[in-house]
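Raw start27.cif, mmCIF, C-alpha atoms and all ligand atoms; chains and numbers go by the auth columns:
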```cif
data_structure
#
loop_
_atom_site.group_PDB
_atom_site.id
_atom_site.type_symbol
_atom_site.label_atom_id
_atom_site.label_comp_id
_atom_site.label_asym_id
_atom_site.label_seq_id
_atom_site.Cartn_x
_atom_site.Cartn_y
_atom_site.Cartn_z
_atom_site.B_iso_or_equiv
_atom_site.auth_seq_id
_atom_site.auth_asym_id
ATOM 1 C CA MET A 1 200.789 168.638 285.843 0.00 385 A
ATOM 2 C CA SER A 2 198.176 166.016 286.516 0.00 386 A
ATOM 3 C CA ALA A 3 195.547 166.444 289.189 0.00 387 A
ATOM 4 C CA ASN A 4 196.733 163.163 290.628 0.00 388 A
ATOM 5 C CA THR A 5 200.241 164.509 291.163 0.00 389 A
ATOM 6 C CA ILE A 6 198.894 167.562 292.950 0.00 390 A
ATOM 7 C CA ARG A 7 196.656 165.430 295.137 0.00 391 A
ATOM 8 C CA LYS A 8 199.601 163.237 296.106 0.00 392 A
ATOM 9 C CA ALA A 9 201.721 166.316 296.773 0.00 393 A
ATOM 10 C CA LYS A 10 199.099 167.860 299.070 0.00 394 A
ATOM 11 C CA LYS A 11 198.783 164.612 300.966 0.00 395 A
ATOM 12 C CA LEU A 12 202.540 164.467 301.495 0.00 396 A
ATOM 13 C CA VAL A 13 202.570 167.981 302.935 0.00 397 A
ATOM 14 C CA GLU A 14 199.521 167.366 305.122 0.00 398 A
ATOM 15 C CA SER A 15 200.923 164.136 306.543 0.00 399 A
ATOM 16 C CA GLY A 16 204.211 165.786 307.479 0.00 400 A
ATOM 17 C CA GLY A 17 206.128 164.034 304.738 0.00 401 A
ATOM 18 C CA VAL A 18 208.238 167.099 303.988 0.00 402 A
ATOM 19 C CA VAL A 19 211.222 167.776 306.266 0.00 403 A
ATOM 20 C CA LYS A 20 213.599 170.677 305.848 0.00 404 A
ATOM 21 C CA ILE A 21 217.269 169.676 306.057 0.00 405 A
ATOM 22 C CA GLU A 22 218.988 172.850 304.874 0.00 406 A
ATOM 23 C CA ASP A 23 218.018 176.069 303.109 0.00 407 A
ATOM 24 C CA ASP A 24 217.438 174.388 299.780 0.00 408 A
ATOM 25 C CA LEU A 25 217.470 170.739 300.740 0.00 409 A
ATOM 26 C CA PHE A 26 214.435 168.799 301.824 0.00 410 A
ATOM 27 C CA GLN A 27 213.704 165.189 302.561 0.00 411 A
ATOM 28 C CA ILE A 28 210.357 164.124 301.179 0.00 412 A
ATOM 29 C CA LYS A 29 208.654 160.788 301.674 0.00 413 A
ATOM 30 C CA SER A 30 207.655 158.585 298.806 0.00 414 A
ATOM 31 C CA SER A 31 203.882 158.581 298.441 0.00 415 A
ATOM 32 C CA SER A 32 203.859 154.917 297.447 0.00 416 A
ATOM 33 C CA ASN A 33 206.330 153.667 300.044 0.00 417 A
ATOM 34 C CA PRO A 34 206.406 155.429 303.452 0.00 418 A
ATOM 35 C CA ASN A 35 209.710 153.741 304.272 0.00 419 A
ATOM 36 C CA GLN A 36 211.393 155.462 301.389 0.00 420 A
ATOM 37 C CA SER A 37 212.230 159.132 301.045 0.00 421 A
ATOM 38 C CA TYR A 38 214.008 161.340 298.552 0.00 422 A
ATOM 39 C CA PHE A 39 216.276 164.346 298.834 0.00 423 A
ATOM 40 C CA VAL A 40 214.709 167.218 296.965 0.00 424 A
ATOM 41 C CA THR A 41 215.864 170.753 296.157 0.00 425 A
ATOM 42 C CA SER A 42 213.741 173.475 294.570 0.00 426 A
ATOM 43 C CA ASN A 43 214.329 172.069 291.087 0.00 427 A
ATOM 44 C CA THR A 44 215.679 168.554 291.388 0.00 428 A
ATOM 45 C CA CYS A 45 214.487 165.319 292.857 0.00 429 A
ATOM 46 C CA GLU A 46 216.203 161.977 293.021 0.00 430 A
ATOM 47 C CA CYS A 47 213.085 159.885 292.429 0.00 431 A
ATOM 48 C CA LEU A 48 212.647 157.731 289.366 0.00 432 A
ATOM 49 C CA GLY A 49 209.709 159.737 288.049 0.00 433 A
ATOM 50 C CA PHE A 50 211.837 162.850 287.870 0.00 434 A
ATOM 51 C CA LYS A 51 214.738 161.032 286.242 0.00 435 A
ATOM 52 C CA ASN A 52 212.470 159.368 283.706 0.00 436 A
ATOM 53 C CA PHE A 53 210.687 162.571 282.834 0.00 437 A
ATOM 54 C CA TYR A 54 213.285 163.749 280.357 0.00 438 A
ATOM 55 C CA LYS A 55 213.453 160.310 278.817 0.00 439 A
ATOM 56 C CA PHE A 56 209.714 160.306 278.107 0.00 440 A
ATOM 57 C CA HIS A 57 209.285 163.983 277.253 0.00 441 A
ATOM 58 C CA HIS A 58 212.561 164.548 275.500 0.00 442 A
ATOM 59 C CA GLY A 59 212.721 167.656 273.321 0.00 443 A
ATOM 60 C CA LYS A 60 209.300 169.003 274.232 0.00 444 A
ATOM 61 C CA GLY A 61 210.752 171.887 276.204 0.00 445 A
ATOM 62 C CA LEU A 62 208.995 170.807 279.367 0.00 446 A
ATOM 63 C CA LYS A 63 210.415 171.075 282.853 0.00 447 A
ATOM 64 C CA ALA A 64 210.530 167.866 284.802 0.00 448 A
ATOM 65 C CA ASN A 65 208.187 167.601 287.717 0.00 449 A
ATOM 66 C CA CYS A 66 207.059 165.016 290.230 0.00 450 A
ATOM 67 C CA SER A 67 204.849 164.855 293.294 0.00 451 A
ATOM 68 C CA HIS A 68 207.846 165.616 295.528 0.00 452 A
ATOM 69 C CA LEU A 69 208.777 168.838 293.754 0.00 453 A
ATOM 70 C CA GLU A 70 205.119 169.795 293.824 0.00 454 A
ATOM 71 C CA ALA A 71 204.922 168.975 297.546 0.00 455 A
ATOM 72 C CA LEU A 72 207.920 171.206 298.158 0.00 456 A
ATOM 73 C CA LYS A 73 206.211 174.088 296.354 0.00 457 A
ATOM 74 C CA ILE A 74 203.098 173.698 298.506 0.00 458 A
ATOM 75 C CA PHE A 75 205.239 173.352 301.648 0.00 459 A
ATOM 76 C CA LYS A 76 207.067 176.612 300.886 0.00 460 A
ATOM 77 C CA GLN A 77 203.819 178.450 300.276 0.00 461 A
ATOM 78 C CA GLU A 78 202.515 177.344 303.654 0.00 462 A
ATOM 79 C CA ASN A 79 205.664 178.023 305.657 0.00 463 A
HETATM 80 ZN ZN ZN B . 210.313 163.142 293.004 0.00 1 B
#
```
For the structure just supplied, provide its representation as structure tokens.
Amino acid sequence: MSANTIRKAKKLVESGGVVKIEDDLFQIKSSSNPNQSYFVTSNTCECLGFKNFYKFHHGKGLKANCSHLEALKIFKQEN
């Protein structure tokens, strides 16, 4: 997890970019484009970074992550 991802995630939470839809469904704004948002659950995100993760890190046994999933984690800790 890069420091940059965490910084972006914190900013999303602080700016109210995380909205709870259902128990495990959240809508989280894109940090690069405020007009865009993604549906995120506790372990999936529909953004490109998440989808590409497995392509780039295939077979390394890592779990995909992105600033939205990280923002959700911070959001849950605070709420
Ligand atoms: Zn994402």
Exercise for the section: Could you expand the PyMOL selection byres (((chain A and resi 417-433) around 12) and not hetatm) into the explicit residues it covers here, written as a PyMOL selection string? Expected result: chain A and resi 389+396+399-416+434-441+447-460
Exercise for the section: To one decimal in Å, tell me the separation between CA of Ala393 (chain A) and atom ZN of ligand ZN 1 (chain B). Expected result: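 The value is 9.9 Å.
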Give the centre and edge lengths of an axis-aligned box, in Å to one decimal, that holds all listed atoms of region 395-412 of chain A with 8 Å on each side, as JSON.
```
{"center_x": 208.9, "center_y": 170.1, "center_z": 303.6, "size_x": 36.2, "size_y": 28.0, "size_z": 23.7}
```
Practice task
Determine the nearest neighbour of ligand ZN 1 (chain B) from the options A:Lys392, A:Glu398, A:Glu462, A:Gly445, counting only C-alpha atoms and all ligand atoms.
Solution key: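 Once distances to ligand ZN 1 (chain B) are computed over only C-alpha atoms and all ligand atoms, the minimum belongs to A:Lys392.
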